[in-house]
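J.: Okay, here's the structure, questions in a sec.
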Amino acid sequence: MKIGLFFEHQLPRPWDDDAEAAVLANAVEQCELADRIGIHTAWVVEHHFLEEYSHSSAPEVFLAAVSQRTSLLRLGHGIVQTPPGYNHPARVAERIATLDLLSRGRVEFGTGESSSEAELGGFGLDPAAKREMWDEGTRVALRCMTETPFTGHAGPFVTMPPRNVVPKPFQKPHPPVWVACTRRETIHLAAQRGIGALSFAFFDPEEAQHWVSDYYDTLANEAVPIGDALNANLACVTTFMCHRSEAEAIARGAEGTNFFGFSLAHYYVFGRHRPGVTDVWDEYQQLRADAGYDPAALRATDSLTAKGSSPDNGGTGLRGAVGTPDQIRDYLRRYEDYGVDQVILASQTGNNRHEHVMESLELFGREVLPEFLERDDKASAAKARRLEPAIEKALARKPASDHPPLPDPDYDFPAIPRSMADREGADGFHAWLDDYARKAATGEDVSKRLSKPRRSDMP
């Protein structure tokens, strides 16, 4: 089982002028440390307008910075919002490919659609159609990465003529694809599409076994890949803080852990939000005891069994991987035993202090992570051999129509002045453009004529 690190770039109020810059700088340092200790992937969300809960609206920029500070750490979009109303598929393809080239093939392409009114309403997206938007946007983005040229698309949510979208990604045919999941039916959908299930619903290891079993059974029997490669993996997120003292781990991590759940539920379940006015941290401080988010309710126990928080379980308190190295080791082993492929640790939550996060990762890297790395190295090869027949069958199910031909084998598009000459049947104008091309090729002085030609310049 692989271990990842999760970033929302949380920033509870009050804010000073340097607060957002500090959050990003601290997260880069945490990624550098994660790279050194052997963390597999840094997952970074794309969210918009979710004040305090997530100030991570441009993850591709953050991950580009991280790519230049790390050498092994994989760069996880957890997720790109792929409905075209958020991001045009061609722009998604361009950004993913550029990051993949900068990192020499370390990108994980997580996709999703959002379930918050803040985002859906902010971009004018119909919640009832968001799944169809996700499907179409993701498919077109993947085609833009793999087709030379992209042969065009006309659908209900995006229409685009043939163009060769460049650059192409380093990983061939494209980076591993995932989808964000908060419900079991979405994990089932991920398996049907042949992509990784990136679960942001907090659940106990014992619950995970049912999700894992359904995912791999569906992958073997029903998968029709949305892209040109399969990514057979199921990952889940848990909150995290490691210290030799259980009491100190709880003291350092519980408040941030519970704010993570509370602020999520504020936007996705029970909140009313006035943009630029509502103080989610203050609301949390006032209501946490009555709402069951009081960190004092997390008493020391022999094992970490507290349930997680998500819109689907009513936003109850969560503890996750908050405890001593031995407790966290045992907790993660349970996920490993039930077949989860990656557990993603969320430590940048609430007002958790940067130095505490760094100390926690250092201790985890020394005393817990090495054994998981060793076992994963051995298990990965065995898993690849085990899944090879299922992957071959799934790829064989992919219809050729997923990559349609060009509408015309000789399709081309003219520059705007050339199209004007075409429309007007202006032979003299064509001759002028041909002469312009010759002068440009030979280096003659065309600098004065690089803009759209004037009628007075034309024959």
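Letters for chains follow the order of the structure tokens (A, B, ...), residue numbers begin at 1 for each chain, and ligand numbers begin at 1 in the order shown.
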Got a sec: who's within 9 Å of A:Leu345, counting only C-alpha atoms, leaving out chain neighbours fewer than 4 positions off, as a list in words?
T.: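 The neighbour list is Ile3, Gly4, Leu5, Phe6, Phe7, Cys236, Val237, Thr238, Thr239, Phe240, Met241 and Ala321 of chain A.
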J.: So that I have them on file, write out the residues from the current selection with C-alpha atoms, as a PDB file, in the first residue's frame.
T.:
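Now in result-v3.pdb:
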```pdb
ATOM      1  CA  ILE A   3       1.060   6.503   1.277  1.00  0.00           C
ATOM      2  CA  GLY A   4       0.103   9.932  -0.047  1.00  0.00           C
ATOM      3  CA  LEU A   5      -0.236  13.438   1.383  1.00  0.00           C
ATOM      4  CA  PHE A   6      -3.328  15.620   0.934  1.00  0.00           C
ATOM      5  CA  PHE A   7      -3.625  19.406   0.670  1.00  0.00           C
ATOM      6  CA  CYS A 236      -8.813   6.927   0.507  1.00  0.00           C
ATOM      7  CA  VAL A 237      -8.118   9.961   2.677  1.00  0.00           C
ATOM      8  CA  THR A 238      -7.638  10.002   6.432  1.00  0.00           C
ATOM      9  CA  THR A 239      -6.613  12.757   8.825  1.00  0.00           C
ATOM     10  CA  PHE A 240      -3.135  12.506  10.338  1.00  0.00           C
ATOM     11  CA  MET A 241      -0.872  13.686  13.139  1.00  0.00           C
ATOM     12  CA  ALA A 321      -4.470   8.479  11.831  1.00  0.00           C
TER      13      ALA A 321
END
```
J.: Apply DSSP to the structure's backbone, then extract all residues of stretch 34-228 of chain A labelled strand (DSSP E) and return them as a ChimeraX atom specification.
T.: /A:41-44,74-81,107-112,153-154,159-160,177-181,196-199
J.: I'd like the neighbourhood of A:Gly271 as a PyMOL selection string, where a residue qualifies if any of its atoms comes within 12 Å (using only C-alpha atoms), though same-chain residues fewer than 2 positions away should be ignored.
T.: chain A and resi 50+116-118+262-269+273-274+278-280+283-284+311
J.: For stretch 162-166 of chain A, list every protein, DNA or RNA residue within 7 Å, evaluated using only C-alpha atoms, and leave out those in the same chain fewer than 5 positions away; present the list as a list in words.
T.: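 Here the qualifying residues turn out to be Ala90, Glu94, Cys144, Met145, Thr148, Pro149, Phe150, Thr151 and Gly152 of chain A.
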J.: Store the residues picked out above, limited to N, CA and C atoms, as a PDB file, in the first residue's frame.
T.:
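So the final result, stored in out_20.pdb, reads:
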```
ATOM      1  N   ALA A  90      -9.497  21.225 -23.655  1.00  0.00           N
ATOM      2  CA  ALA A  90      -8.189  21.444 -24.281  1.00  0.00           C
ATOM      3  C   ALA A  90      -7.221  22.104 -23.306  1.00  0.00           C
ATOM      4  N   GLU A  94      -3.665  20.635 -21.953  1.00  0.00           N
ATOM      5  CA  GLU A  94      -2.418  21.396 -22.054  1.00  0.00           C
ATOM      6  C   GLU A  94      -1.716  21.525 -20.708  1.00  0.00           C
ATOM      7  N   CYS A 144      -7.644  14.880 -26.354  1.00  0.00           N
ATOM      8  CA  CYS A 144      -6.713  15.955 -26.709  1.00  0.00           C
ATOM      9  C   CYS A 144      -5.269  15.573 -26.388  1.00  0.00           C
ATOM     10  N   MET A 145      -5.073  14.779 -25.336  1.00  0.00           N
ATOM     11  CA  MET A 145      -3.719  14.346 -24.964  1.00  0.00           C
ATOM     12  C   MET A 145      -3.172  13.261 -25.875  1.00  0.00           C
ATOM     13  N   THR A 148      -3.325  12.806 -32.483  1.00  0.00           N
ATOM     14  CA  THR A 148      -2.493  13.723 -33.258  1.00  0.00           C
ATOM     15  C   THR A 148      -2.964  13.703 -34.710  1.00  0.00           C
ATOM     16  N   PRO A 149      -3.867  14.644 -35.074  1.00  0.00           N
ATOM     17  CA  PRO A 149      -4.436  15.686 -34.232  1.00  0.00           C
ATOM     18  C   PRO A 149      -5.696  15.201 -33.505  1.00  0.00           C
ATOM     19  N   PHE A 150      -6.136  15.972 -32.525  1.00  0.00           N
ATOM     20  CA  PHE A 150      -7.468  15.787 -31.958  1.00  0.00           C
ATOM     21  C   PHE A 150      -8.461  16.011 -33.082  1.00  0.00           C
ATOM     22  N   THR A 151      -9.367  15.044 -33.274  1.00  0.00           N
ATOM     23  CA  THR A 151     -10.184  15.054 -34.490  1.00  0.00           C
ATOM     24  C   THR A 151     -11.487  15.822 -34.374  1.00  0.00           C
ATOM     25  N   GLY A 152     -11.708  16.467 -33.215  1.00  0.00           N
ATOM     26  CA  GLY A 152     -12.890  17.308 -33.064  1.00  0.00           C
ATOM     27  C   GLY A 152     -13.990  16.627 -32.283  1.00  0.00           C
TER      28      GLY A 152
END
```
J.: Could you give me, as a tab-separated table, a per-residue list for stretch 19-55 of chain A showing, wherever an atom lies at most 7 Å from an atom of stretch 67-76 of chain A, the closest pair of atoms and their distance in Å to one decimal, using only C-alpha atoms and sorting by chain then residue number from low to high?
T.:
```
residue	atom	partner	partner_atom	distance
A:Glu32	CA	A:Thr70	CA	5.9
A:Asp35	CA	A:Leu73	CA	5.0
A:Ile39	CA	A:Leu73	CA	6.7
A:His40	CA	A:Leu73	CA	5.6
A:Thr41	CA	A:Arg74	CA	4.4
A:Ala42	CA	A:Leu75	CA	5.4
A:Trp43	CA	A:Gly76	CA	4.2
A:Val44	CA	A:Gly76	CA	6.2
```
J.: So how many Å separate atom CA of A:Val224 and atom CA of A:Val177, to one decimal?
T.: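 Here the two named atoms are 13.4 Å from each other.
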J.: At a cut-off of 12 Å, using only C-alpha atoms, what residues contact A:Glu108? Leave out same-chain residues fewer than 2 positions from it and give the result as a PDB file with C-alpha atoms, in the first residue's frame.
T.:
```
ATOM      1  CA  GLY A   4       0.103   9.932  -0.047  1.00  0.00           C
ATOM      2  CA  HIS A  40       4.308   8.417  -2.972  1.00  0.00           C
ATOM      3  CA  THR A  41       2.012  11.290  -4.069  1.00  0.00           C
ATOM      4  CA  ALA A  42       1.121  14.823  -3.027  1.00  0.00           C
ATOM      5  CA  TRP A  43      -2.581  15.292  -3.805  1.00  0.00           C
ATOM      6  CA  VAL A  44      -3.825  18.871  -4.234  1.00  0.00           C
ATOM      7  CA  GLU A  60      -1.479  23.188 -11.408  1.00  0.00           C
ATOM      8  CA  LEU A  63       2.256  21.481  -8.342  1.00  0.00           C
ATOM      9  CA  LEU A  73       7.145  12.577  -5.397  1.00  0.00           C
ATOM     10  CA  ARG A  74       4.228  12.080  -7.752  1.00  0.00           C
ATOM     11  CA  LEU A  75       2.031  15.115  -8.384  1.00  0.00           C
ATOM     12  CA  GLY A  76      -1.634  14.375  -7.843  1.00  0.00           C
ATOM     13  CA  HIS A  77      -4.456  16.536  -9.073  1.00  0.00           C
ATOM     14  CA  GLY A  78      -6.965  15.611  -6.429  1.00  0.00           C
ATOM     15  CA  ILE A  79      -8.859  16.781  -8.509  1.00  0.00           C
ATOM     16  CA  VAL A  80      -9.152  18.807 -11.721  1.00  0.00           C
ATOM     17  CA  ILE A  96      -1.671  18.294 -17.448  1.00  0.00           C
ATOM     18  CA  ALA A  97       0.783  17.623 -20.274  1.00  0.00           C
ATOM     19  CA  LEU A  99       3.186  19.567 -15.762  1.00  0.00           C
ATOM     20  CA  ASP A 100       3.914  15.988 -16.794  1.00  0.00           C
ATOM     21  CA  SER A 103       8.142  16.580 -13.800  1.00  0.00           C
ATOM     22  CA  GLY A 105       6.232  11.839 -15.933  1.00  0.00           C
ATOM     23  CA  ARG A 106       5.078  12.198 -12.333  1.00  0.00           C
ATOM     24  CA  GLY A 110      -7.548  13.171 -10.821  1.00  0.00           C
ATOM     25  CA  THR A 111     -10.915  14.330 -12.168  1.00  0.00           C
ATOM     26  CA  PRO A 169       2.278  14.358 -21.929  1.00  0.00           C
ATOM     27  CA  PHE A 170       5.483  12.590 -20.973  1.00  0.00           C
ATOM     28  CA  GLN A 171       3.581   9.481 -19.832  1.00  0.00           C
ATOM     29  CA  HIS A 174      -1.548   9.694 -20.789  1.00  0.00           C
ATOM     30  CA  PRO A 175      -1.074  10.036 -17.013  1.00  0.00           C
ATOM     31  CA  PRO A 176      -3.068   7.722 -14.728  1.00  0.00           C
ATOM     32  CA  VAL A 177      -6.690   8.864 -14.460  1.00  0.00           C
ATOM     33  CA  TRP A 178      -8.748   8.995 -11.243  1.00  0.00           C
ATOM     34  CA  VAL A 179     -12.149  10.272 -10.204  1.00  0.00           C
ATOM     35  CA  ILE A 195      -9.910   4.563 -13.616  1.00  0.00           C
ATOM     36  CA  GLY A 196      -8.692   4.992 -10.056  1.00  0.00           C
ATOM     37  CA  LEU A 198      -9.995   8.637  -5.170  1.00  0.00           C
ATOM     38  CA  ASN A 231      -5.547   2.780 -13.639  1.00  0.00           C
ATOM     39  CA  ASN A 233      -6.304   1.651  -7.844  1.00  0.00           C
TER      40      ASN A 233
END
```
J.: State, in Å with one decimal place, the distance from atom CA of A:Asp326 to atom CA of A:Ser245.
T.: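 Interatomic distance, atom CA of A:Asp326 to atom CA of A:Ser245: 10.6 Å.
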J.: Can you list, as a list in words, all residues belonging to stretch 101-166 of chain A that DSSP tags as helix (DSSP H, G or I)?
T.: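 Result set for stretch 101-166 of chain A (helix (DSSP H, G or I)): Leu101, Leu102, Glu117, Ala118, Glu119, Leu120, Gly121, Gly122, Pro127, Ala128, Ala129, Lys130, Arg131, Glu132, Met133, Trp134, Asp135, Glu136, Gly137, Thr138, Arg139, Val140, Ala141, Leu142, Arg143, Cys144, Met145 and Thr146 of chain A.
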J.: For the residues in the current selection, export N, CA, C and O atoms as a short mmCIF file (atom, residue, chain, number, x, y, z; two decimals), in the first residue's frame.
T.:
```cif
data_model
loop_
_atom_site.label_atom_id
_atom_site.label_comp_id
_atom_site.auth_asym_id
_atom_site.auth_seq_id
_atom_site.Cartn_x
_atom_site.Cartn_y
_atom_site.Cartn_z
N LEU A 101 5.48 16.98 -18.37
CA LEU A 101 6.80 17.18 -18.98
C LEU A 101 7.77 17.80 -17.99
O LEU A 101 8.93 17.38 -17.88
N LEU A 102 7.33 18.82 -17.26
CA LEU A 102 8.20 19.47 -16.28
C LEU A 102 8.67 18.49 -15.21
O LEU A 102 9.78 18.61 -14.69
N GLU A 117 -22.70 24.25 -3.87
CA GLU A 117 -23.38 25.37 -4.51
C GLU A 117 -22.40 26.50 -4.79
O GLU A 117 -22.54 27.22 -5.79
N ALA A 118 -21.42 26.68 -3.91
CA ALA A 118 -20.45 27.75 -4.11
C ALA A 118 -19.80 27.64 -5.49
O ALA A 118 -19.66 28.64 -6.20
N GLU A 119 -19.43 26.43 -5.87
CA GLU A 119 -18.73 26.23 -7.13
C GLU A 119 -19.69 26.05 -8.30
O GLU A 119 -19.55 26.71 -9.34
N LEU A 120 -20.64 25.14 -8.15
CA LEU A 120 -21.58 24.90 -9.24
C LEU A 120 -22.35 26.18 -9.59
O LEU A 120 -22.45 26.57 -10.75
N GLY A 121 -22.88 26.86 -8.56
CA GLY A 121 -23.61 28.10 -8.80
C GLY A 121 -22.70 29.21 -9.28
O GLY A 121 -23.09 30.03 -10.11
N GLY A 122 -21.48 29.25 -8.75
CA GLY A 122 -20.54 30.30 -9.13
C GLY A 122 -20.18 30.27 -10.61
O GLY A 122 -19.94 31.30 -11.23
N PRO A 127 -26.52 21.35 -11.38
CA PRO A 127 -26.13 20.16 -10.61
C PRO A 127 -26.67 18.87 -11.18
O PRO A 127 -26.03 17.82 -11.07
N ALA A 128 -27.85 18.90 -11.80
CA ALA A 128 -28.44 17.69 -12.35
C ALA A 128 -27.66 17.14 -13.54
O ALA A 128 -27.77 15.95 -13.86
N ALA A 129 -26.84 18.00 -14.18
CA ALA A 129 -26.11 17.57 -15.38
C ALA A 129 -24.62 17.42 -15.13
O ALA A 129 -23.86 17.12 -16.06
N LYS A 130 -24.17 17.59 -13.90
CA LYS A 130 -22.74 17.66 -13.66
C LYS A 130 -22.02 16.34 -13.95
O LYS A 130 -20.86 16.36 -14.40
N ARG A 131 -22.67 15.20 -13.74
CA ARG A 131 -22.02 13.92 -14.05
C ARG A 131 -21.78 13.76 -15.54
O ARG A 131 -20.71 13.31 -15.98
N GLU A 132 -22.79 14.15 -16.34
CA GLU A 132 -22.62 14.09 -17.80
C GLU A 132 -21.54 15.07 -18.25
O GLU A 132 -20.78 14.78 -19.18
N MET A 133 -21.49 16.24 -17.61
CA MET A 133 -20.45 17.21 -17.94
C MET A 133 -19.07 16.65 -17.63
O MET A 133 -18.12 16.82 -18.41
N TRP A 134 -18.94 16.01 -16.45
CA TRP A 134 -17.66 15.40 -16.08
C TRP A 134 -17.24 14.36 -17.11
O TRP A 134 -16.08 14.35 -17.56
N ASP A 135 -18.17 13.50 -17.50
CA ASP A 135 -17.85 12.42 -18.42
C ASP A 135 -17.38 12.99 -19.76
O ASP A 135 -16.34 12.58 -20.29
N GLU A 136 -18.13 13.95 -20.30
CA GLU A 136 -17.76 14.51 -21.60
C GLU A 136 -16.46 15.29 -21.52
O GLU A 136 -15.56 15.13 -22.37
N GLY A 137 -16.31 16.12 -20.49
CA GLY A 137 -15.09 16.91 -20.36
C GLY A 137 -13.86 16.06 -20.19
O GLY A 137 -12.79 16.33 -20.78
N THR A 138 -13.96 14.99 -19.40
CA THR A 138 -12.82 14.10 -19.18
C THR A 138 -12.44 13.36 -20.45
O THR A 138 -11.26 13.25 -20.81
N ARG A 139 -13.45 12.84 -21.15
CA ARG A 139 -13.17 12.11 -22.39
C ARG A 139 -12.49 13.00 -23.43
O ARG A 139 -11.52 12.59 -24.08
N VAL A 140 -12.99 14.22 -23.58
CA VAL A 140 -12.41 15.12 -24.59
C VAL A 140 -10.98 15.52 -24.18
O VAL A 140 -10.08 15.56 -25.03
N ALA A 141 -10.76 15.78 -22.90
CA ALA A 141 -9.40 16.12 -22.44
C ALA A 141 -8.43 15.00 -22.74
O ALA A 141 -7.29 15.24 -23.19
N LEU A 142 -8.83 13.75 -22.49
CA LEU A 142 -7.95 12.61 -22.75
C LEU A 142 -7.70 12.44 -24.24
O LEU A 142 -6.58 12.11 -24.66
N ARG A 143 -8.72 12.67 -25.05
CA ARG A 143 -8.50 12.60 -26.50
C ARG A 143 -7.54 13.69 -26.95
O ARG A 143 -6.69 13.46 -27.83
N CYS A 144 -7.64 14.88 -26.35
CA CYS A 144 -6.71 15.95 -26.71
C CYS A 144 -5.27 15.57 -26.39
O CYS A 144 -4.34 16.00 -27.08
N MET A 145 -5.07 14.78 -25.34
CA MET A 145 -3.72 14.35 -24.96
C MET A 145 -3.17 13.26 -25.87
O MET A 145 -1.95 13.12 -26.00
N THR A 146 -4.05 12.47 -26.50
CA THR A 146 -3.58 11.27 -27.18
C THR A 146 -3.73 11.30 -28.69
O THR A 146 -3.05 10.53 -29.39
#
```
J.: Atom CA of A:Pro389 and atom CA of A:His403 are how many Å apart?
T.: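 Spanning atom CA of A:Pro389 to atom CA of A:His403 is a straight-line distance of 23.4 Å.
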J.: Which is closest to A:Glu206 among A:Arg272, A:Arg333, A:Lys378, A:Lys2, if we use only C-alpha atoms?
T.: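 Of A:Arg272, A:Arg333, A:Lys378, A:Lys2, the one nearest A:Glu206 is A:Arg333, counting only C-alpha atoms.
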J.: In terms of the shortest atom-to-atom distance over only C-alpha atoms, which of A:Gly443, A:Asp330, A:Arg375, A:Arg252 is closest to A:Ser360?
T.: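 So, comparing all the options, the nearest one is A:Arg252.
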